[in-house]
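**Q** This one is structure_11.txt, compact mmCIF, C-alpha atoms and all ligand atoms.
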# COMPACT_ATOMS: atom_id res chain seq x y z
CA MET F 4 104.18 80.44 178.91
CA LYS F 5 107.50 78.84 179.97
CA PRO F 6 110.02 78.53 177.11
CA LEU F 7 110.30 74.76 177.62
CA PHE F 8 106.54 74.34 177.29
CA ARG F 9 106.57 76.51 174.17
CA ALA F 10 109.27 74.41 172.59
CA THR F 11 107.41 71.18 173.35
CA ILE F 12 104.22 72.45 171.77
CA LEU F 13 106.08 73.79 168.75
CA ARG F 14 107.87 70.49 168.21
CA ARG F 15 104.59 68.65 168.46
CA THR F 16 102.91 71.10 166.08
CA LEU F 17 105.49 70.68 163.36
CA SER F 18 105.55 66.95 163.85
CA TYR F 19 101.78 66.76 163.18
CA ALA F 20 102.16 68.16 159.69
CA ARG F 21 105.14 65.88 159.02
CA ALA F 22 103.62 62.77 160.62
CA TYR F 23 100.32 63.27 158.86
CA SER F 24 101.87 63.64 155.44
CA MET F 25 104.08 60.58 156.00
CA SER F 26 101.75 58.05 157.55
CA SER F 27 98.23 59.59 157.54
CA PRO F 28 97.21 58.46 161.03
CA VAL F 29 93.57 58.90 162.02
CA LEU F 30 93.33 62.17 163.94
CA ARG F 31 90.61 62.89 166.48
CA VAL F 32 89.66 66.47 167.28
CA LEU F 33 87.17 68.03 169.71
CA GLY F 34 85.36 71.07 168.26
CA LEU F 35 83.60 73.69 170.40
CA GLU F 36 81.12 76.26 169.07
CA SER F 37 79.28 79.09 170.85
CA SER F 38 79.47 82.04 168.43
CA CYS F 39 75.75 82.75 168.40
CA ASP F 40 72.91 80.84 170.07
CA ASP F 41 73.99 77.19 169.89
CA THR F 42 76.27 75.62 172.47
CA ALA F 43 77.81 72.71 170.59
CA ALA F 44 80.62 70.21 170.86
CA ALA F 45 81.67 67.27 168.69
CA ILE F 46 84.52 64.82 168.33
CA VAL F 47 85.31 64.01 164.72
CA SER F 48 87.98 61.77 163.21
CA SER F 49 89.99 62.57 160.08
CA ASP F 50 88.24 59.73 158.21
CA GLY F 51 84.99 61.68 158.58
CA GLN F 52 83.36 59.81 161.46
CA ILE F 53 81.37 61.74 164.07
CA LEU F 54 82.39 59.98 167.29
CA GLY F 55 80.25 62.09 169.61
CA GLU F 56 78.12 65.20 169.22
CA THR F 57 75.96 67.43 171.43
CA ASN F 58 74.13 70.63 170.53
CA VAL F 59 72.05 72.62 173.01
CA HIS F 60 69.82 75.11 171.16
CA GLN F 61 68.38 78.25 172.70
CA HIS F 62 65.34 78.77 170.46
CA THR F 63 62.88 78.74 173.35
CA VAL F 64 65.02 81.30 175.22
CA HIS F 65 65.05 83.86 172.39
CA GLU F 66 61.69 83.33 170.65
CA GLN F 67 59.79 85.46 173.17
CA HIS F 68 62.18 88.35 172.38
CA GLY F 69 61.71 87.97 168.61
CA GLY F 70 65.47 87.53 168.04
CA ILE F 71 68.73 86.64 169.72
CA VAL F 72 69.51 88.59 172.92
CA PRO F 73 73.34 88.58 173.22
CA GLY F 74 73.51 88.69 177.05
CA LEU F 75 71.06 85.83 177.44
CA ALA F 76 72.90 83.79 174.81
CA ALA F 77 76.22 84.19 176.67
CA ASN F 78 74.67 83.23 180.03
CA HIS F 79 73.27 80.06 178.53
CA HIS F 80 76.60 79.18 176.89
CA LEU F 81 78.32 79.58 180.27
CA LYS F 82 75.83 77.21 181.83
CA ASN F 83 75.77 74.69 178.98
CA MET F 84 79.39 74.48 177.77
CA PRO F 85 80.69 72.12 180.50
CA LEU F 86 77.66 69.88 179.97
CA VAL F 87 78.04 69.60 176.18
CA VAL F 88 81.77 68.83 176.49
CA HIS F 89 81.10 66.19 179.13
CA ASP F 90 78.24 64.68 177.15
CA THR F 91 80.25 64.57 173.90
CA LEU F 92 83.22 62.81 175.52
CA LYS F 93 80.83 60.33 177.09
CA LYS F 94 79.09 59.59 173.76
CA ALA F 95 82.49 59.07 172.10
CA GLY F 96 83.72 56.92 175.02
CA MET F 97 86.83 59.10 175.15
CA GLN F 98 88.79 61.34 177.48
CA ILE F 99 90.55 64.60 176.66
CA THR F 100 93.84 62.75 176.76
CA ASP F 101 92.71 60.63 173.77
CA LEU F 102 92.37 63.70 171.52
CA ASP F 103 94.90 64.97 168.99
CA ALA F 104 93.76 68.59 169.28
CA ILE F 105 91.05 70.97 170.46
CA ALA F 106 89.42 73.35 167.97
CA VAL F 107 87.28 76.34 168.95
CA THR F 108 85.31 78.94 167.04
CA ARG F 109 87.48 82.05 167.36
CA GLY F 110 85.19 84.39 165.40
CA PRO F 111 83.30 86.10 163.93
CA GLY F 112 80.24 86.28 166.19
CA LEU F 113 78.80 87.76 169.37
CA PRO F 114 81.71 88.76 171.63
CA ALA F 115 80.40 87.43 174.97
CA SER F 116 79.31 84.19 173.30
CA LEU F 117 82.65 83.67 171.52
CA ALA F 118 84.46 84.27 174.81
CA VAL F 119 82.86 81.14 176.26
CA CYS F 120 84.10 78.61 173.68
CA VAL F 121 87.49 80.30 173.32
CA ALA F 122 88.06 80.26 177.11
CA ALA F 123 86.83 76.67 177.41
CA GLY F 124 88.97 75.42 174.52
CA LYS F 125 92.10 77.27 175.58
CA THR F 126 91.83 75.99 179.14
CA LEU F 127 91.22 72.38 178.16
CA ALA F 128 94.07 72.49 175.64
CA ALA F 129 96.54 74.17 178.02
CA VAL F 130 95.77 71.89 180.97
CA HIS F 131 96.16 68.75 178.87
CA ALA F 132 98.99 70.14 176.69
CA LYS F 133 96.98 69.55 173.52
CA PRO F 134 97.38 71.57 170.32
CA LEU F 135 94.83 74.39 170.04
CA ILE F 136 93.19 75.48 166.79
CA GLY F 137 91.25 78.75 166.51
CA VAL F 138 88.70 78.32 163.74
CA HIS F 139 87.00 80.94 161.57
CA HIS F 140 83.28 80.13 161.83
CA MET F 141 82.63 80.78 158.12
CA GLU F 142 85.65 78.72 157.07
CA ALA F 143 84.13 75.89 159.07
CA HIS F 144 80.78 76.27 157.22
CA ALA F 145 82.70 76.29 153.90
CA LEU F 146 84.79 73.19 154.67
CA MET F 147 81.95 71.14 156.19
CA ALA F 148 80.95 69.73 152.79
CA ARG F 149 84.46 68.26 152.38
CA MET F 150 83.68 65.89 155.24
CA THR F 151 80.38 64.72 153.77
CA SER F 152 81.30 64.52 150.07
CA SER F 153 84.44 63.50 148.22
CA VAL F 154 83.30 65.66 145.26
CA VAL F 155 84.42 68.79 147.11
CA GLN F 156 88.00 69.27 146.00
CA PHE F 157 89.82 72.61 145.75
CA PRO F 158 89.10 74.96 144.09
CA PHE F 159 85.34 75.19 144.57
CA LEU F 160 82.73 77.93 144.48
CA CYS F 161 81.00 78.46 147.79
CA LEU F 162 77.83 80.24 148.83
CA LEU F 163 77.70 80.89 152.58
CA ILE F 164 74.18 81.81 153.64
CA SER F 165 73.62 82.19 157.35
CA GLY F 166 72.21 84.53 159.99
CA GLY F 167 75.35 86.67 160.01
CA HIS F 168 76.65 86.40 156.43
CA THR F 169 75.74 86.13 152.76
CA LEU F 170 78.92 85.50 150.81
CA SER F 171 79.98 83.98 147.54
CA LEU F 172 83.62 83.02 147.33
CA VAL F 173 86.17 80.97 145.51
CA VAL F 174 87.82 78.55 147.90
CA HIS F 175 91.33 77.82 146.58
CA GLY F 176 92.43 75.93 149.70
CA ILE F 177 92.58 76.18 153.49
CA ASN F 178 93.14 79.87 154.37
CA GLN F 179 92.88 80.79 150.67
CA TYR F 180 89.64 82.57 149.85
CA THR F 181 88.72 85.08 147.18
CA MET F 182 85.56 86.98 148.03
CA VAL F 183 83.26 87.52 145.07
CA GLY F 184 80.00 88.86 146.52
CA THR F 185 78.76 89.96 149.93
CA THR F 186 75.60 91.55 151.25
CA ARG F 187 75.30 95.31 151.18
CA ASP F 188 72.88 95.29 154.14
CA ASP F 189 71.07 92.38 155.85
CA SER F 190 72.12 88.75 155.54
CA VAL F 191 69.63 86.38 153.93
CA GLY F 192 69.08 84.56 157.27
CA GLU F 193 68.37 87.87 158.98
CA ALA F 194 65.82 88.67 156.26
CA PHE F 195 64.06 85.30 156.78
CA ASP F 196 63.99 85.99 160.53
CA LYS F 197 62.67 89.56 160.18
CA VAL F 198 59.96 88.59 157.68
CA ALA F 199 58.90 85.77 160.02
CA ARG F 200 58.59 88.35 162.80
CA GLU F 201 56.57 90.67 160.53
CA LEU F 202 54.20 87.78 159.78
CA GLN F 203 54.06 86.81 163.47
CA VAL F 204 55.02 83.24 162.60
CA PRO F 205 55.67 81.07 165.68
CA TRP F 206 59.16 79.54 165.64
CA ILE F 207 59.32 75.78 165.23
CA SER F 208 60.92 73.45 167.74
CA SER F 209 64.58 72.50 167.84
CA GLN F 210 63.68 68.90 166.90
CA GLU F 211 62.24 70.15 163.59
CA GLY F 212 65.16 72.41 162.72
CA GLY F 213 64.36 75.23 165.13
CA GLY F 214 63.87 78.96 164.79
CA ALA F 215 62.21 81.50 162.53
CA GLY F 216 63.76 80.60 159.14
CA PRO F 217 62.55 76.98 159.09
CA ALA F 218 59.12 78.17 160.29
CA LEU F 219 58.88 80.56 157.33
CA GLU F 220 59.98 77.83 154.92
CA ARG F 221 57.27 75.50 156.23
CA LEU F 222 54.63 78.21 155.93
CA ALA F 223 55.74 79.09 152.37
CA ARG F 224 54.94 75.53 151.24
CA ASP F 225 51.20 76.32 151.56
CA GLY F 226 51.43 79.72 149.90
CA ASP F 227 50.90 81.13 146.42
CA PRO F 228 54.16 82.93 145.57
CA LEU F 229 52.50 84.92 142.78
CA ARG F 230 49.70 86.57 144.75
CA PHE F 231 52.06 89.25 146.05
CA ALA F 232 54.70 89.51 143.33
CA LEU F 233 57.84 90.88 144.97
CA PRO F 234 60.69 92.29 142.85
CA VAL F 235 64.01 90.44 142.83
CA PRO F 236 66.58 92.69 144.58
CA MET F 237 69.43 94.32 142.61
CA ASP F 238 67.92 93.36 139.30
CA LYS F 239 67.85 96.83 137.75
CA ALA F 240 70.39 98.04 135.19
CA ASP F 241 72.58 99.88 137.76
CA SER F 242 73.13 96.84 139.99
CA ALA F 243 72.32 93.78 137.86
CA ALA F 244 75.99 93.20 137.01
CA SER F 245 77.17 93.27 140.64
CA PRO F 246 77.65 89.90 142.37
CA ASP F 247 76.68 91.51 145.71
CA PHE F 248 73.46 90.79 147.58
CA SER F 249 70.84 92.97 149.24
CA PHE F 250 67.90 91.84 151.36
CA SER F 251 66.76 94.88 153.32
CA GLY F 252 64.52 96.15 150.49
CA LEU F 253 62.46 92.94 150.50
CA LYS F 254 61.99 93.13 154.25
CA THR F 255 60.98 96.82 154.09
CA ARG F 256 58.53 96.17 151.27
CA ILE F 257 56.75 93.50 153.31
CA LYS F 258 56.64 95.82 156.32
CA ARG F 259 55.03 98.50 154.14
CA MET F 260 52.53 96.00 152.70
CA ARG F 261 51.42 95.21 156.24
CA GLU F 262 51.15 98.89 157.18
CA GLN F 263 48.97 99.40 154.09
CA ASN F 264 46.82 96.43 155.17
CA LEU F 265 47.55 94.60 151.92
CA PHE F 266 47.58 91.42 154.01
CA ASN F 267 46.49 90.43 157.47
CA PRO F 268 49.31 88.83 159.51
CA VAL F 269 46.87 86.75 161.55
CA VAL F 270 45.15 85.19 158.50
CA ARG F 271 47.05 81.99 157.74
CA GLN F 272 46.61 82.08 153.94
CA ASP F 273 47.86 85.69 153.85
CA GLN F 274 50.88 84.69 155.96
CA ALA F 275 51.62 81.74 153.67
CA ASP F 276 51.28 83.78 150.46
CA VAL F 277 53.62 86.51 151.71
CA ALA F 278 56.10 83.87 152.98
CA ALA F 279 56.05 82.14 149.57
CA ALA F 280 56.51 85.44 147.69
CA PHE F 281 59.45 86.42 149.91
CA GLN F 282 61.10 83.01 149.61
CA LEU F 283 60.73 83.05 145.82
CA ALA F 284 62.27 86.53 145.46
CA ALA F 285 65.09 85.73 147.92
CA THR F 286 65.83 82.44 146.16
CA LYS F 287 65.90 84.04 142.69
CA HIS F 288 68.23 86.74 144.03
CA LEU F 289 70.63 84.16 145.50
CA ARG F 290 70.61 82.23 142.26
CA LYS F 291 71.19 85.22 139.97
CA LYS F 292 74.09 86.50 142.05
CA THR F 293 75.62 83.03 142.33
CA ALA F 294 75.42 82.79 138.52
CA LEU F 295 77.58 85.95 138.43
CA ALA F 296 79.98 84.32 140.89
CA PHE F 297 80.40 81.40 138.46
CA ARG F 298 81.15 83.93 135.75
CA ARG F 299 83.67 85.72 137.98
CA ALA F 300 85.45 82.42 138.71
CA ARG F 301 85.75 81.78 134.95
CA GLU F 302 87.15 85.28 134.46
CA MET F 303 89.74 84.43 137.13
CA HIS F 304 90.57 81.26 135.10
CA VAL F 305 89.57 79.12 138.07
CA ASP F 306 88.02 75.80 137.08
CA VAL F 307 85.76 75.06 140.06
CA THR F 308 85.03 71.42 140.93
CA CYS F 309 81.54 72.07 142.34
CA LEU F 310 79.23 74.57 144.03
CA VAL F 311 78.99 74.25 147.81
CA ALA F 312 76.14 75.91 149.70
CA SER F 313 76.35 75.97 153.48
CA GLY F 314 75.14 77.93 156.53
CA GLY F 315 71.65 77.76 158.06
CA VAL F 316 69.75 78.98 154.96
CA ALA F 317 71.32 76.21 152.85
CA SER F 318 69.02 73.79 154.70
CA ASN F 319 66.07 75.46 152.90
CA LEU F 320 64.80 73.07 150.22
CA ALA F 321 63.58 75.77 147.79
CA VAL F 322 67.01 77.41 147.93
CA ARG F 323 68.74 74.06 147.38
CA GLU F 324 66.54 73.17 144.40
CA SER F 325 67.20 76.47 142.69
CA LEU F 326 70.98 76.30 143.28
CA GLU F 327 71.04 72.72 142.06
CA GLN F 328 69.64 73.81 138.67
CA LEU F 329 72.22 76.59 138.50
CA ALA F 330 75.10 74.24 139.32
CA THR F 331 73.94 71.77 136.67
CA SER F 332 73.73 74.49 134.04
CA ASN F 333 77.37 75.33 134.90
CA GLY F 334 78.41 71.70 134.48
CA VAL F 335 79.07 70.91 138.16
CA ASP F 336 77.22 69.41 141.14
CA LEU F 337 75.70 71.31 144.04
CA VAL F 338 76.95 69.91 147.34
CA CYS F 339 75.24 70.85 150.61
CA PRO F 340 75.95 69.27 153.97
CA PRO F 341 72.88 67.58 155.51
CA PRO F 342 70.57 70.20 157.12
CA SER F 343 71.79 69.54 160.68
CA LEU F 344 75.37 70.27 159.52
CA CYS F 345 74.34 73.40 157.58
CA THR F 346 73.17 75.17 160.73
CA ASP F 347 75.69 75.86 163.50
CA ASN F 348 77.18 72.74 165.05
CA GLY F 349 80.32 71.41 166.71
CA VAL F 350 81.13 68.93 163.92
CA MET F 351 82.07 71.69 161.47
CA ILE F 352 84.49 73.22 163.99
CA ALA F 353 86.10 69.84 164.70
CA TRP F 354 86.35 69.11 160.95
CA ALA F 355 87.90 72.51 160.17
CA GLY F 356 90.27 71.75 163.06
CA ILE F 357 91.27 68.50 161.37
CA GLU F 358 91.86 70.23 158.03
CA ARG F 359 94.10 72.79 159.75
CA LEU F 360 95.84 70.23 161.95
CA LYS F 361 96.83 68.20 158.88
CA LEU F 362 98.69 71.29 157.65
CA GLY F 363 100.19 72.01 161.07
CA LEU F 364 98.15 75.21 161.45
CA LEU F 365 97.93 75.65 165.21
CA ASP F 366 97.44 78.62 167.50
CA PRO F 367 99.01 79.65 170.81
CA TYR F 368 97.09 79.34 174.09
CA THR F 369 97.04 83.14 174.26
CA ILE F 370 94.56 83.68 171.40
CA ASP F 371 91.55 85.92 171.94
CA PHE F 372 88.24 85.86 170.05
CA ILE F 373 87.83 88.03 166.93
CA GLN F 374 84.40 89.62 166.65
CA ARG F 375 84.73 90.88 163.07
CA TRP F 376 86.99 88.79 160.90
CA PRO F 377 86.91 88.92 157.08
CA LEU F 378 87.64 85.47 155.63
CA GLU F 379 90.20 86.92 153.25
CA ASP F 380 92.29 88.00 156.29
CA LEU F 381 93.11 84.33 156.90
CA LYS F 382 95.63 84.61 154.06
CA THR F 383 97.82 86.84 156.18
CA MET F 384 97.48 84.85 159.39
CA GLY F 385 100.42 82.60 160.36
CA TYR F 386 100.32 79.73 157.90
CA ARG F 387 102.65 77.59 159.96
CA PRO F 388 103.33 78.40 163.61
CA ARG F 389 106.59 80.17 164.28
CA ALA F 390 108.53 79.77 167.51
CA SER F 391 107.72 83.36 168.49
CA SER F 392 103.98 82.72 168.42
CA PHE F 393 104.09 80.40 171.46
O1 LIG D 1 74.51 79.17 160.09
P1 LIG D 1 73.49 79.45 161.12
O2 LIG D 1 72.94 78.30 161.91
O3 LIG D 1 74.01 80.52 162.16
C1 LIG D 1 74.81 81.59 161.80
O4 LIG D 1 76.04 81.39 161.62
O5 LIG D 1 74.22 82.68 161.60
O6 LIG D 1 72.29 80.21 160.38
C2 LIG D 1 71.18 80.65 161.08
C3 LIG D 1 70.23 81.36 160.12
C4 LIG D 1 69.03 81.95 160.83
O7 LIG D 1 68.78 83.22 160.31
C5 LIG D 1 67.96 80.96 160.48
O8 LIG D 1 66.64 81.49 160.53
C6 LIG D 1 68.33 80.57 159.07
O9 LIG D 1 69.73 80.43 159.13
N1 LIG D 1 67.73 79.29 158.66
C7 LIG D 1 66.87 79.17 157.63
C8 LIG D 1 66.52 77.80 157.59
N2 LIG D 1 67.17 77.14 158.59
C9 LIG D 1 67.92 78.08 159.23
N3 LIG D 1 66.37 80.07 156.77
C10 LIG D 1 65.52 79.62 155.82
N4 LIG D 1 65.11 78.33 155.72
C11 LIG D 1 65.58 77.40 156.58
N5 LIG D 1 65.18 76.12 156.48
ZN ZN D 2 76.93 79.75 161.27
Let's see the structure in the file written out as structure tokens.
Ligand code: KG4
Ligand code: ZN

**A**
Amino acid sequence: MKPLFRATILRRTLSYARAYSMSSPVLRVLGLESSCDDTAAAIVSSDGQILGETNVHQHTVHEQHGGIVPGLAANHHLKNMPLVVHDTLKKAGMQITDLDAIAVTRGPGLPASLAVCVAAGKTLAAVHAKPLIGVHHMEAHALMARMTSSVVQFPFLCLLISGGHTLSLVVHGINQYTMVGTTRDDSVGEAFDKVARELQVPWISSQEGGGAGPALERLARDGDPLRFALPVPMDKADSAASPDFSFSGLKTRIKRMREQNLFNPVVRQDQADVAAAFQLAATKHLRKKTALAFRRAREMHVDVTCLVASGGVASNLAVRESLEQLATSNGVDLVCPPPSLCTDNGVMIAWAGIERLKLGLLDPYTIDFIQRWPLEDLKTMGYRPRASSF
């Protein structure tokens, strides 16, 4: 990049932080997401309005394969990204030149999928000389609730439950995370998806939430959770005190039950009873380990303002109900974004972009995607841009 161009961007970057703190103008940011199987874009303003939003799901593409096929996902992102950007600008009645910045999911996620939104965002930002913000996908899930509820002030306790992660953390501020618990094997979303496959549950349509997890939740509503009592993971003396999670044992147990013909996966009542038993055990596990995360926050002398649950599995009503009781017993509210903002979307990327833009946290046009990216590493990433980073 030419030095003059660098200097212009740097000046503009620093002036955002200064201008925002002085006059609080309304900022408008385009967010792009393609880390997994959703191609999404949204334009969001700093007063929390969604000005335009488009999300193209790929459930019908991957259902026949029983899970997400990375190559297929990337091909569809390549095809769909220009369309979702165009559609979002049209819905907002805006042009790129009207934006204050462009935010993209930088990681973690599927490499070929991440490459699509990172390349699209970098190119749009560079061509229009707009500030670029590389967003951590899980930070975006964590911050989403700050757009939808004023209760969510720092520090808060956060449970991130998605297809790729199961994390409990204390969120002290933007970039400032203390990990409390993480999964030792599968994520909770992965477990929902694998159990749905074991039970041969057809995925439900994108209009109804889409995918295997919501299909299992719907099936569980008609089931008896006590017919097949499943043990709550990590509940024995040697692991009960750990705030970590584990879901692979539940999945394996259900697989073994099928091999032993303890249920018939094509009999609907059997499917529903197993789904209900799995959901109950998974929910109890999430709740018990989140209770330990509350305890850990107290030990750290952090007075959390609320419990936030986000990520695809936080749209599950049984999970929400159970976490709500837990939050109440700890004297705070549970805050979850609405279901469509719990699963992957462009709004959360745009909103995280706004939060970072307000602090002047921008990235150079040379950024690459980061496939594996622990949230705690954000602490050591440039808090304010330095001249050398452009
Ligand atoms: O956050 P997300 O949309 O994508 C990732 O970042 O991974 O989460 C997707 C995961 C999938 O495993 C999906 O089956 C699960 O969240 N999920 C659900 C529900 N809705 C989505 N699991 C259980 N119940 C739901 N209602
Ligand atoms: Zn996600």

**Q** With distances taken over all atoms listed in the file, which of F:Cys309, F:Val87, F:Ala194, F:Lys291 is nearest to Leu253 of chain F?

**A**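 The shortest atom-to-atom distance to Leu253 of chain F comes from F:Ala194.
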
**Q** All residues within 7 Å of ligand ZN 2 (chain D) are required, counting only C-alpha atoms and all ligand atoms; please report them as a PDB file with C-alpha atoms, keeping the file's coordinate frame.

**A**
ATOM      1  CA  HIS F 140      83.280  80.130 161.830  1.00  0.00           C
ATOM      2  CA  MET F 141      82.630  80.780 158.120  1.00  0.00           C
ATOM      3  CA  HIS F 144      80.780  76.270 157.220  1.00  0.00           C
ATOM      4  CA  SER F 165      73.620  82.190 157.350  1.00  0.00           C
ATOM      5  CA  GLY F 166      72.210  84.530 159.990  1.00  0.00           C
ATOM      6  CA  GLY F 314      75.140  77.930 156.530  1.00  0.00           C
ATOM      7  CA  GLY F 315      71.650  77.760 158.060  1.00  0.00           C
ATOM      8  CA  THR F 346      73.170  75.170 160.730  1.00  0.00           C
ATOM      9  CA  ASP F 347      75.690  75.860 163.500  1.00  0.00           C
TER      10      ASP F 347
END

**Q** Each side padded by 6 Å, which centre and which edge lengths in Å (one decimal) define the axis-aligned box around the listed atoms of ligand LIG 1 (chain D)? Give them as JSON.

**A**
{"center_x": 70.6, "center_y": 79.7, "center_z": 158.9, "size_x": 22.9, "size_y": 19.1, "size_z": 18.4}

**Q** Which residue, F:Thr57, F:Thr308, F:Ser209, F:Thr108, has the smallest gap to Ile373 of chain F when you use all atoms listed in the file?

**A**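 With all atoms listed in the file as the atom set, the closest residue is F:Thr108.
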
**Q** Hey, which of F:His89, F:Arg149, F:Arg200, F:Arg224 ends up closest to Gly176 of chain F? Count only C-alpha atoms.

**A**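 Smallest distance to Gly176 of chain F is found for F:Arg149.
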
**Q** List all protein, DNA and RNA residues that have at least one atom no more than 9 Å from any atom of ligand LIG 1 (chain D), counting all atoms listed in the file, and write them as a PyMOL selection string.

**A** chain F and resi 38-41+111-112+140-141+144+163-168+190-197+199+212-221+282+313-322+342-348

**Q** Mind pulling up the distance from atom CA of Leu35 of chain F to atom CA of Leu117 of chain F?

**A**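 Separating atom CA of Leu117 of chain F from atom CA of Leu35 of chain F is a distance of 10.1 Å.
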
**Q** Tell me, as a JSON list (two decimals) with C-alpha atoms, in the frame of the given file, which residues lie within 6 Å of Met351 of chain F, counting only C-alpha atoms; anything in the same chain fewer than 3 positions away does not count.

**A**
[["chain", "number", "residue", "atom", "x", "y", "z"],
["F", 143, "ALA", "CA", 84.13, 75.89, 159.07],
["F", 147, "MET", "CA", 81.95, 71.14, 156.19],
["F", 354, "TRP", "CA", 86.35, 69.11, 160.95]]

**Q** Report the distance between atom CA of Thr331 of chain F and atom CA of Phe159 of chain F in Å, rounded to one decimal place.

**A**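 One can read the atom CA of Thr331 of chain F to atom CA of Phe159 of chain F distance as 14.3 Å.
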
**Q** For a quick check of understanding, using only C-alpha atoms, which of F:Leu283, F:Val338, F:Ala132, F:Leu364 has the smallest distance to Thr100 of chain F?

**A**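 Counting only C-alpha atoms, the residue closest to Thr100 of chain F is F:Ala132.
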
**Q** Please compute the atom CA of Arg290 of chain F-atom CA of Tyr180 of chain F distance, one decimal, in Å.

**A**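 Calculated distance between atom CA of Arg290 of chain F and atom CA of Tyr180 of chain F is 20.5 Å.
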
**Q** Of the candidates F:Leu160, F:Leu113, F:Ala77, F:Leu102, which one gets nearest to Arg31 of chain F if we count only C-alpha atoms?

**A**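 Result for the nearest residue to Arg31 of chain F: F:Leu102.
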
**Q** Taking all atoms listed in the file into account, which of F:Asp50, F:Val154, F:Leu127, F:Thr63 comes nearest Pro28 of chain F?

**A** F:Asp50

**Q** So which residues touch Arg359 of chain F within 8 Å, counting only C-alpha atoms, skipping near sequence neighbours fewer than 6 positions away, as number ranges by chain?

**A** F: 136, 177, 365

**Q** Tell me which protein, DNA and RNA residues are within 12 Å of Ala95 of chain F, counting all atoms listed in the file, leaving out same-chain ones fewer than 3 positions away, and put them as a ChimeraX atom specification.

**A** /F:31-33,44-48,52-57,88-92,98-99,101-102

**Q** Those same residues, written as a JSON list (two decimals), in the coordinates of the input with C-alpha atoms?

**A**
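Below is the file result19.json, written as the result:
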[["chain", "number", "residue", "atom", "x", "y", "z"],
["F", 31, "ARG", "CA", 90.61, 62.89, 166.48],
["F", 32, "VAL", "CA", 89.66, 66.47, 167.28],
["F", 33, "LEU", "CA", 87.17, 68.03, 169.71],
["F", 44, "ALA", "CA", 80.62, 70.21, 170.86],
["F", 45, "ALA", "CA", 81.67, 67.27, 168.69],
["F", 46, "ILE", "CA", 84.52, 64.82, 168.33],
["F", 47, "VAL", "CA", 85.31, 64.01, 164.72],
["F", 48, "SER", "CA", 87.98, 61.77, 163.21],
["F", 52, "GLN", "CA", 83.36, 59.81, 161.46],
["F", 53, "ILE", "CA", 81.37, 61.74, 164.07],
["F", 54, "LEU", "CA", 82.39, 59.98, 167.29],
["F", 55, "GLY", "CA", 80.25, 62.09, 169.61],
["F", 56, "GLU", "CA", 78.12, 65.20, 169.22],
["F", 57, "THR", "CA", 75.96, 67.43, 171.43],
["F", 88, "VAL", "CA", 81.77, 68.83, 176.49],
["F", 89, "HIS", "CA", 81.10, 66.19, 179.13],
["F", 90, "ASP", "CA", 78.24, 64.68, 177.15],
["F", 91, "THR", "CA", 80.25, 64.57, 173.90],
["F", 92, "LEU", "CA", 83.22, 62.81, 175.52],
["F", 98, "GLN", "CA", 88.79, 61.34, 177.48],
["F", 99, "ILE", "CA", 90.55, 64.60, 176.66],
["F", 101, "ASP", "CA", 92.71, 60.63, 173.77],
["F", 102, "LEU", "CA", 92.37, 63.70, 171.52]]

**Q** Can you list, as a short mmCIF file (atom, residue, chain, number, x, y, z; two decimals) with C-alpha atoms, keeping the file's coordinate frame, every protein, DNA or RNA residue that comes within 10 Å of His79 of chain F when you count only C-alpha atoms, leaving out same-chain residues fewer than 4 positions away?

**A**
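out24.cif, written as the output of this step:
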data_model
loop_
_atom_site.label_atom_id
_atom_site.label_comp_id
_atom_site.auth_asym_id
_atom_site.auth_seq_id
_atom_site.Cartn_x
_atom_site.Cartn_y
_atom_site.Cartn_z
CA SER F 37 79.28 79.09 170.85
CA ASP F 40 72.91 80.84 170.07
CA ASP F 41 73.99 77.19 169.89
CA THR F 42 76.27 75.62 172.47
CA VAL F 59 72.05 72.62 173.01
CA HIS F 60 69.82 75.11 171.16
CA GLN F 61 68.38 78.25 172.70
CA VAL F 64 65.02 81.30 175.22
CA GLY F 74 73.51 88.69 177.05
CA LEU F 75 71.06 85.83 177.44
CA ASN F 83 75.77 74.69 178.98
CA MET F 84 79.39 74.48 177.77
CA SER F 116 79.31 84.19 173.30
CA VAL F 119 82.86 81.14 176.26
#

**Q** So that I can see what lies close to Asp227 of chain F, please list as a PyMOL selection string the residues with an atom at most 8 Å from it, counting only C-alpha atoms and leaving out residues fewer than 3 positions away in the same chain.

**A** chain F and resi 223+230+275-276+279-280
